[in-house]
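One structure is given below, encoded as structure tokens.
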Amino acid sequence: MARKPRTDGHSVPPRRDASRPSARQRIFETAGRLFYIKGIRAVGVETIAAEADTTKMSLYRNFPSKDELVAEWLRDHDAKFWQTWDAMAARHPDDPRRQLKAAFALLEKHVADPEARGCPMANAAVELTEKDHPARKVIEAHKAKLRARLAGLCTRMRARTPGLLADQLFLLMEGAQVTTQTLGVRSPARNVARAATMLIDAHLRAA
């Protein structure tokens with residue numbers, strides 16, 4: 001944008017559009033969208049910078065590296081995931097079974113979305129095999145917390161083998177996310193909530 005001339009011979013710096021997101025926000029949001037749609041390895045910093053209407057220099061001023069940008073994106077996903085989970089759980093604080101039912105209903109809605117590409121954490125785990133990648137700890141901590149939450153709910157339901165039920169529900173969640181990428185939204189994943197209910201019923205009858 002050209003500087004606005006002044007009558008005294010000096011120029012005035014252009015005003016920044018207050019309604020436009022900052023360069024950091026544009027980079028972060030663009031990168032997250034591209035990582036989820038195209039995959040982490042397939043997206044370079046040049047593409048992110050171009051689509052965010054900024055430069056590589058600006059990207060590296062805001063994020064030390066692409067790896068750190070990936071880790072920050074997954075930290076953000078983790079925070080939003082647990083905000084949604086906690087809000088759902090708060091509606092049924094004394095009913096672990098209803099919490100599980102709500103969680104699987106939410107998952108079923110997600111996998112039915114034509115734009116969904118599964119779980120960002122699981123997708124990233126497949127691509128990022130280096131144990132020292134900064135995103136690996138984010139991924140592993142997220143999945144461990146999810147499995148622990150499931151185990152806690154299964155214990156509160158007084159399932160006969162809460163650890164086993166938690167493992168089965170965890171695998172059901174993971175499998176539903178992956179199946180949508182191979183068979184589409186009309187895949188077996190659309191029955192994930194019903195499958196979870198049947199699994200829980202079987203365990204509670206055995207208790």
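Ordered as shown in the structure tokens, chains take letters A, B, and onward, while each chain numbers its residues from 1 and ligands are numbered from 1 in the order shown.
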For this session: Please give the complete set of residues from segment 108-206 of chain A that DSSP, run on the backbone, assigns to helix (DSSP H, G or I), formatted as number ranges by chain.
Result: A: 108-111, 120-127, 134-156, 162-183, 188-206
8 Å contact set for Ala49 of chain A, only C-alpha atoms, chain neighbours under 6 positions out, as a PDB file with N, CA, C and O atoms, in the first residue's frame:
```
ATOM      1  N   ILE A  27      -1.279 -17.098   9.306  1.00  0.00           N
ATOM      2  CA  ILE A  27      -0.374 -18.233   9.095  1.00  0.00           C
ATOM      3  C   ILE A  27      -0.886 -19.466   9.833  1.00  0.00           C
ATOM      4  O   ILE A  27      -0.951 -20.564   9.280  1.00  0.00           O
ATOM      5  N   THR A  55       4.823 -13.711   4.027  1.00  0.00           N
ATOM      6  CA  THR A  55       6.095 -14.183   3.501  1.00  0.00           C
ATOM      7  C   THR A  55       6.686 -15.269   4.397  1.00  0.00           C
ATOM      8  O   THR A  55       6.300 -15.417   5.559  1.00  0.00           O
ATOM      9  N   LYS A  56       7.666 -16.009   3.857  1.00  0.00           N
ATOM     10  CA  LYS A  56       8.361 -17.015   4.663  1.00  0.00           C
ATOM     11  C   LYS A  56       9.060 -16.349   5.843  1.00  0.00           C
ATOM     12  O   LYS A  56       9.105 -16.912   6.942  1.00  0.00           O
ATOM     13  N   LEU A  59       6.615 -15.886   8.499  1.00  0.00           N
ATOM     14  CA  LEU A  59       6.286 -17.175   9.126  1.00  0.00           C
ATOM     15  C   LEU A  59       7.343 -17.538  10.163  1.00  0.00           C
ATOM     16  O   LEU A  59       7.014 -17.919  11.291  1.00  0.00           O
TER      17      LEU A  59
END
```
Exercise. Which residue, A:Leu169, A:Glu115, A:Leu204, A:Arg149, has the smallest gap to Ala89 of chain A when you use only C-alpha atoms?
Worked result: A:Arg149
Could you list, with a cut-off of 7 Å and counting only C-alpha atoms, the residues of segment 45-135 of chain A near segment 175-181 of chain A, each shown with its nearest atom pair and the distance in Å rounded to one decimal, rows sorted by chain and ascending number, as CSV?
```
residue,atom,partner,partner_atom,distance
A:Val111,CA,A:Thr180,CA,6.4
A:Arg117,CA,A:Gln181,CA,6.1
A:Gly118,CA,A:Gln177,CA,4.4
A:Cys119,CA,A:Gln177,CA,6.0
```
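For the set A:Val192, A:Leu128, A:Cys154, A:Leu171, the residue with the smallest atom-to-atom gap to Asp95 of chain A is A:Cys154, counting only C-alpha atoms.
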Problem set entry | Option closest in space to Ala50 of chain A, from A:Gln25, A:Thr197, A:Thr30, A:Gln168 [counting only C-alpha atoms] |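 Between A:Gln25, A:Thr197, A:Thr30, A:Gln168, the residue approaching Ala50 of chain A most closely is A:Thr30.
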Exercise. Leaving out Met173 of chain A and any residue of its chain fewer than 6 positions from it, which residues lie within 9 Å of it when counting only C-alpha atoms, given as an NGL selection string?
Worked result: :A and (104 or 107 or 192 or 196)
The selected residues should be written to file as a PDB file, in the first residue's frame (atoms: all heavy atoms).
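selection.pdb was written with the following content:
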```pdb
ATOM      1  N   PHE A 104     -20.046 -40.375  21.820  1.00  0.00           N
ATOM      2  CA  PHE A 104     -20.137 -41.142  20.574  1.00  0.00           C
ATOM      3  C   PHE A 104     -21.128 -40.522  19.594  1.00  0.00           C
ATOM      4  O   PHE A 104     -20.954 -40.651  18.380  1.00  0.00           O
ATOM      5  CB  PHE A 104     -20.473 -42.604  20.876  1.00  0.00           C
ATOM      6  CG  PHE A 104     -19.261 -43.421  21.190  1.00  0.00           C
ATOM      7  CD1 PHE A 104     -18.829 -43.582  22.499  1.00  0.00           C
ATOM      8  CD2 PHE A 104     -18.525 -44.008  20.174  1.00  0.00           C
ATOM      9  CE1 PHE A 104     -17.692 -44.310  22.795  1.00  0.00           C
ATOM     10  CE2 PHE A 104     -17.385 -44.745  20.447  1.00  0.00           C
ATOM     11  CZ  PHE A 104     -16.962 -44.893  21.760  1.00  0.00           C
ATOM     12  N   LEU A 107     -19.081 -37.938  17.933  1.00  0.00           N
ATOM     13  CA  LEU A 107     -18.168 -38.572  16.978  1.00  0.00           C
ATOM     14  C   LEU A 107     -18.910 -38.988  15.715  1.00  0.00           C
ATOM     15  O   LEU A 107     -18.416 -38.791  14.594  1.00  0.00           O
ATOM     16  CB  LEU A 107     -17.511 -39.787  17.630  1.00  0.00           C
ATOM     17  CG  LEU A 107     -16.634 -40.651  16.719  1.00  0.00           C
ATOM     18  CD1 LEU A 107     -15.478 -39.841  16.152  1.00  0.00           C
ATOM     19  CD2 LEU A 107     -16.120 -41.869  17.471  1.00  0.00           C
ATOM     20  N   VAL A 192     -21.165 -46.002  14.464  1.00  0.00           N
ATOM     21  CA  VAL A 192     -20.265 -46.057  15.609  1.00  0.00           C
ATOM     22  C   VAL A 192     -20.994 -45.867  16.936  1.00  0.00           C
ATOM     23  O   VAL A 192     -20.669 -46.544  17.929  1.00  0.00           O
ATOM     24  CB  VAL A 192     -19.121 -45.024  15.456  1.00  0.00           C
ATOM     25  CG1 VAL A 192     -19.643 -43.589  15.477  1.00  0.00           C
ATOM     26  CG2 VAL A 192     -18.070 -45.230  16.532  1.00  0.00           C
ATOM     27  N   ALA A 196     -21.142 -48.636  19.954  1.00  0.00           N
ATOM     28  CA  ALA A 196     -20.693 -48.318  21.309  1.00  0.00           C
ATOM     29  C   ALA A 196     -21.758 -48.698  22.328  1.00  0.00           C
ATOM     30  O   ALA A 196     -21.447 -49.262  23.387  1.00  0.00           O
ATOM     31  CB  ALA A 196     -20.363 -46.834  21.414  1.00  0.00           C
TER      32      ALA A 196
END
```
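Nearest-residue note for Pro64 of chain A: choosing from A:Val45, A:Ala189, A:Met121, A:Val138, the minimum distance belongs to A:Val45, counting only C-alpha atoms.
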Problem set entry | Residue with smallest distance to Ala23 of chain A - pool A:Phe63, A:Trp73, A:Phe170, A:Phe81, counting only C-alpha atoms |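 Smallest distance to Ala23 of chain A is found for A:Phe63.
Distance check against Glu72 of chain A using only C-alpha atoms: of A:Asp53, A:Arg91, A:Gly39, A:Lys137, the minimum falls on A:Lys137.
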For this session: Between atom CA of His133 of chain A and atom CA of Phe35 of chain A, measure the distance and give it in Å to one decimal.
Result: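 Interatomic distance, atom CA of His133 of chain A to atom CA of Phe35 of chain A: 15.8 Å.
For chain A, backbone-based DSSP assignment of strand (DSSP E or B) covers Lys4, Pro5, Ser11 and Val12 of chain A.
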